[in-house]
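Chemist: Quick one: the structure is below, questions incoming.
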Amino acid sequence: MKPRHVDENEWTWTILGLALLFGIFVRFIPGPLAGLPINDGGMFAVMIRDLKANQFALPVFTSYNHAEIPFAYPPLGLYLGGFFELLGLSEFQMLIWLPAFLTIATVPLFYLLALELLGNRPRAAVATVFFALAPGNYVWYLMGGGLTRALGAVFFILGLYFVHRAYHESDWRLVIYAILCCALTILSHPQAAWLLVIGCAVFWLFSGISPRLFRTPVLIASGTLLLTMPWWAMVISRHGADVFLSASQSGDLNVSVSALITSLLARQTILPFATLFWLLGLPWAIYKRRYDLLVWGFLPYFIDQRSSPLASVFLYPMLAAYGLMDVVPAFFNWFRTRKWMIEPDEVLFNRRGLSMGLLGIVFYLSLECFVHAYVIRNLTLPYPSQDMMAWVRQNTPPESKFIILTGQEEVMTDPVQEWFPAMADRHSETTLQGMEWALQGEFNTRWAQLTVLQACRDMSCLNAWTKTMDMQFTHVVVDLSKIPVDVFLSAGYSVIFDNGRYVVLK
């Protein structure tokens, strides 16, 4: 019997359908499994409370951590969260489900972007597989803070898609769409906005020279600044431009080739299919002179280390598609015939080995993502810490000041540090969230000092670092699983709360 012929349309929709099906499912299940916002989101919860208390007019400062932090964060996600709370969602429900649905939206949108940049439907579909089923790529968006991060990713993808089209097509509607999406990106998340600026600049530089290509970016930039001006002009009028300069200095601005190499070699799954394919796709992209893609994805490593992994999330799946669809078949042909042959796509669609191998990879990556969902569920606020925060709120004076010693050195990803000001409504000297808008160039120094403080296990270390950071505090919260309470009792502290996991000392 003659084998059934598979055409491009059928092959593409099959692969894309599987990517969408499994990609949506693995982004949906962590929320119900966790039952709480994943990891962070406490600061945004308070900022939404501030918005609602101020009749949805932007406050001058946020009440988060009682630290007079300028209310300068891009507000679109906060307004969105507040709107859904008015519709009946609780604070926790909003921080679980909005990030989940926004993260889900990135999967089909990524296909549109990959199709635009690669110019090939099958390769865009394969790239979507590696984007949708990469466990480490979407966790950051599923967290409570994904309310703004995932929203920024959605508009970043759309913005880059329309900007790229506007550079290559003479259609004024594309310019309007690009302006809208770029403006919404800026109003959603600062890192997404920064990466969009880089992407727009890179693809413009590689688009050739013509009067239209000089006019289009000027129109897009001018329109974007005009649409976002009511927000940034208000912030500057209240706090000065220094507030944005302060936030811009919170990243790692060092050039790091080693970070780029580490990223290229990173293994996302036990069997590193994606890593293998994007490493194979990298020389192919160079051979095909896709320098625009490579500069777009790699440039952030030489500008802002903190944002660079977010760019890799979008580039590496496209390189992996090149590796699987172009390099792997070429190698197999060489082994069979000792000749380098690039077969037409119509032939590849009917290579049973390629199709079955890709299906196997899809199911394997999906399984890895399912397992990873149970890892993600453990990134929530521990229930004993919620008990401790509720007690602090009810039993300590409002003017109390705390240091929180959880022993977790990654202070910016410690849910207890972030949620304490939101749930206990008390000031924490060790909470760093939000301070990027206030500390100017001292943010990274403070971050490094807090990291060392969390590593302390004796009073001499603790006293030295609290003195160095000029910390004024009345109470100490200690995670007993990391630091023994005897260290404090011998120094004259007394326990006023103990639930077996956390103690509050005075």
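The chains in the structure tokens are called A, B, ... from first to last as shown; in each chain the residues are counted from 1, and the ligands are counted from 1 in the order shown.
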Give me the residues near region 318-321 of chain A as an NGL selection string, where near means some atom within 9 Å (using only C-alpha atoms) and where sequence neighbours in that chain fewer than 3 positions away do not count.

Modeler: :A and (114 or 117-118 or 122-131 or 273-282 or 284-285 or 293 or 314-315 or 324-326)

Chemist: With a distance cut-off of 12 Å and only C-alpha atoms, select the neighbouring residues of Ile270 (chain A), excluding the residue or stretch itself and same-chain residues fewer than 2 positions from it, and output the selection as a PyMOL selection string.

Modeler: chain A and resi 134-135+266-268+272-275+364-365+367-369+371-372

Chemist: Would you mind exporting all heavy atoms of the selected residues as a compact mmCIF listing (two decimals), in the first residue's frame?

Modeler:
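Done, and the output landed in result.txt:
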```txt
# COMPACT_ATOMS: atom_id res chain seq x y z
N ALA A 134 9.14 23.98 27.52
CA ALA A 134 10.42 24.19 28.20
C ALA A 134 10.11 24.55 29.65
O ALA A 134 9.67 25.68 29.92
CB ALA A 134 11.22 25.30 27.52
N PRO A 135 10.29 23.63 30.59
CA PRO A 135 9.83 23.85 31.97
C PRO A 135 10.35 25.13 32.61
O PRO A 135 9.63 25.82 33.32
CB PRO A 135 10.35 22.62 32.72
CG PRO A 135 10.53 21.58 31.68
CD PRO A 135 10.91 22.31 30.42
N ALA A 266 22.81 25.37 28.92
CA ALA A 266 21.88 25.03 30.00
C ALA A 266 21.00 23.85 29.59
O ALA A 266 20.49 23.79 28.47
CB ALA A 266 21.03 26.24 30.35
N ARG A 267 20.82 22.93 30.52
CA ARG A 267 19.97 21.76 30.27
C ARG A 267 18.65 21.96 30.98
O ARG A 267 18.58 22.03 32.19
CB ARG A 267 20.66 20.50 30.79
CG ARG A 267 19.94 19.23 30.38
CD ARG A 267 20.70 18.00 30.83
NE ARG A 267 20.69 17.87 32.29
CZ ARG A 267 21.24 16.86 32.95
NH1 ARG A 267 21.88 15.92 32.28
NH2 ARG A 267 21.20 16.81 34.26
N GLN A 268 17.57 22.03 30.21
CA GLN A 268 16.26 22.29 30.79
C GLN A 268 15.57 21.01 31.23
O GLN A 268 14.67 21.05 32.06
CB GLN A 268 15.37 23.03 29.78
CG GLN A 268 15.89 24.42 29.43
CD GLN A 268 14.96 25.14 28.46
OE1 GLN A 268 14.39 24.52 27.57
NE2 GLN A 268 14.81 26.44 28.64
N PRO A 272 18.49 16.38 27.25
CA PRO A 272 18.52 17.78 26.79
C PRO A 272 18.27 17.94 25.29
O PRO A 272 19.11 18.45 24.55
CB PRO A 272 19.93 18.21 27.16
CG PRO A 272 20.75 16.97 27.04
CD PRO A 272 19.84 15.84 27.47
N PHE A 273 17.09 17.52 24.84
CA PHE A 273 16.78 17.63 23.42
C PHE A 273 16.85 19.08 22.94
O PHE A 273 17.45 19.37 21.90
CB PHE A 273 15.38 17.07 23.13
CG PHE A 273 15.28 15.58 23.23
CD1 PHE A 273 14.53 14.99 24.23
CD2 PHE A 273 15.96 14.77 22.34
CE1 PHE A 273 14.44 13.61 24.32
CE2 PHE A 273 15.88 13.39 22.42
CZ PHE A 273 15.11 12.81 23.43
N ALA A 274 16.20 19.98 23.67
CA ALA A 274 16.16 21.38 23.23
C ALA A 274 17.56 21.97 23.13
O ALA A 274 17.90 22.63 22.15
CB ALA A 274 15.29 22.20 24.17
N THR A 275 18.38 21.70 24.15
CA THR A 275 19.74 22.23 24.15
C THR A 275 20.53 21.71 22.95
O THR A 275 21.24 22.47 22.27
CB THR A 275 20.46 21.84 25.45
OG1 THR A 275 19.68 22.26 26.57
CG2 THR A 275 21.84 22.48 25.52
N TYR A 364 7.72 13.46 25.48
CA TYR A 364 8.72 13.45 26.55
C TYR A 364 8.78 14.81 27.24
O TYR A 364 8.78 14.88 28.48
CB TYR A 364 10.10 13.09 26.00
CG TYR A 364 11.19 13.30 27.02
CD1 TYR A 364 11.34 12.41 28.09
CD2 TYR A 364 12.03 14.41 26.96
CE1 TYR A 364 12.30 12.63 29.06
CE2 TYR A 364 13.00 14.63 27.92
CZ TYR A 364 13.13 13.74 28.97
OH TYR A 364 14.07 13.96 29.94
N LEU A 365 8.83 15.87 26.47
CA LEU A 365 8.89 17.21 27.06
C LEU A 365 7.63 17.51 27.86
O LEU A 365 7.68 18.16 28.91
CB LEU A 365 9.10 18.26 25.98
CG LEU A 365 10.44 18.23 25.23
CD1 LEU A 365 10.47 19.31 24.15
CD2 LEU A 365 11.61 18.40 26.19
N LEU A 367 5.85 15.31 29.48
CA LEU A 367 5.99 14.58 30.73
C LEU A 367 6.89 15.34 31.70
O LEU A 367 6.59 15.44 32.91
CB LEU A 367 6.56 13.19 30.46
CG LEU A 367 6.77 12.28 31.68
CD1 LEU A 367 5.45 12.01 32.38
CD2 LEU A 367 7.42 10.96 31.26
N GLU A 368 7.99 15.87 31.20
CA GLU A 368 8.89 16.66 32.05
C GLU A 368 8.15 17.88 32.63
O GLU A 368 8.33 18.23 33.80
CB GLU A 368 10.10 17.13 31.24
CG GLU A 368 11.12 16.05 30.97
CD GLU A 368 12.28 16.10 31.95
OE1 GLU A 368 12.16 16.76 33.00
OE2 GLU A 368 13.31 15.47 31.65
N CYS A 369 7.32 18.51 31.82
CA CYS A 369 6.57 19.67 32.29
C CYS A 369 5.54 19.29 33.34
O CYS A 369 5.31 20.04 34.31
CB CYS A 369 5.89 20.38 31.11
SG CYS A 369 7.02 21.21 29.98
N VAL A 371 5.80 16.82 35.48
CA VAL A 371 6.58 16.61 36.71
C VAL A 371 6.99 17.95 37.31
O VAL A 371 6.93 18.14 38.54
CB VAL A 371 7.82 15.73 36.43
CG1 VAL A 371 8.71 15.64 37.66
CG2 VAL A 371 7.39 14.33 35.97
N HIS A 372 7.37 18.87 36.45
CA HIS A 372 7.83 20.18 36.93
C HIS A 372 6.69 20.94 37.60
O HIS A 372 6.95 21.80 38.48
CB HIS A 372 8.39 20.99 35.76
CG HIS A 372 9.27 22.12 36.17
ND1 HIS A 372 10.49 21.93 36.77
CD2 HIS A 372 9.10 23.47 36.11
CE1 HIS A 372 11.05 23.09 37.03
NE2 HIS A 372 10.23 24.05 36.65
```

Chemist: Quick one: residues within 9 Å of Arg377 (chain A), only C-alpha atoms counted, chain neighbours fewer than 2 positions away excluded, as a list in words?

Modeler: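 Contacts, with the query itself left out: Pro30, Gly31, Pro32, Leu33, Ala34, Gly35, Leu36, Ile38, His372, Ala373, Tyr374, Val375, Leu379 and Thr380 of chain A.
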
Chemist: As number ranges by chain, please: the residues near Phe25 (chain A) (cut-off 10 Å, only C-alpha atoms, same-chain neighbours under 5 positions excluded).

Modeler: A: 19-20, 30, 104, 132, 366, 369-370

Chemist: Would you list the contacts of Pro415 (chain A) as a list in words, taking every protein, DNA or RNA residue within 7 Å and counting only C-alpha atoms, but skipping same-chain residues closer than 6 positions in sequence?

Modeler: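 Non-adjacent residues within range: Asn39, Asp40, Thr380 and Leu381 of chain A.
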
Chemist: Take the residues just selected and output them with N, CA and C atoms as an mmCIF file, in the first residue's frame.

Modeler:
```cif
data_model
loop_
_atom_site.group_PDB
_atom_site.id
_atom_site.type_symbol
_atom_site.label_atom_id
_atom_site.label_comp_id
_atom_site.auth_asym_id
_atom_site.auth_seq_id
_atom_site.Cartn_x
_atom_site.Cartn_y
_atom_site.Cartn_z
ATOM 1 N N ASN A 39 5.094 31.817 44.568
ATOM 2 C CA ASN A 39 6.261 32.591 44.969
ATOM 3 C C ASN A 39 5.953 34.048 45.332
ATOM 4 N N ASP A 40 5.891 34.948 44.351
ATOM 5 C CA ASP A 40 5.827 36.372 44.670
ATOM 6 C C ASP A 40 4.459 36.965 44.352
ATOM 7 N N THR A 380 5.366 28.180 46.818
ATOM 8 C CA THR A 380 4.377 29.073 47.408
ATOM 9 C C THR A 380 4.761 29.429 48.839
ATOM 10 N N LEU A 381 4.014 30.339 49.397
ATOM 11 C CA LEU A 381 4.237 30.785 50.766
ATOM 12 C C LEU A 381 3.877 29.652 51.723
#
```

Chemist: Which residue out of A:Ser246, A:Ser481, A:Gln394, A:Ser258 has the minimum interatomic distance to Glu436 (chain A) when only C-alpha atoms are used?

Modeler: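 Nearest candidate to Glu436 (chain A) out of A:Ser246, A:Ser481, A:Gln394, A:Ser258: A:Ser246.
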
Chemist: Taking 4 positions as the minimum chain separation for residues in the same chain, which residues sit within 10 Å of Glu399 (chain A) when counting only C-alpha atoms? Answer as a ChimeraX atom specification.

Modeler: /A:66,425-427,474

Chemist: Return the single residue from A:Trp391, A:Phe84, A:Tyr161, A:Phe349 that is closest to Arg4 (chain A), with distances computed using only C-alpha atoms.

Modeler: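 Of all the options, A:Phe349 lies closest to Arg4 (chain A).
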
Chemist: Write out as a list of chain:residue names which residues come within 6 Å of Tyr493 (chain A) when counting only C-alpha atoms, dropping same-chain ones fewer than 4 positions away.

Modeler: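 Within the cut-off, the hits are A:Phe488, A:Leu489, A:Lys506.
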
Chemist: Could you tell me how far CA of Gln417 (chain A) lies from CA of Val46 (chain A), in Å and to one decimal?

Modeler: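 Taking CA of Gln417 (chain A) as the start and CA of Val46 (chain A) as the end point, the length is 14.0 Å.
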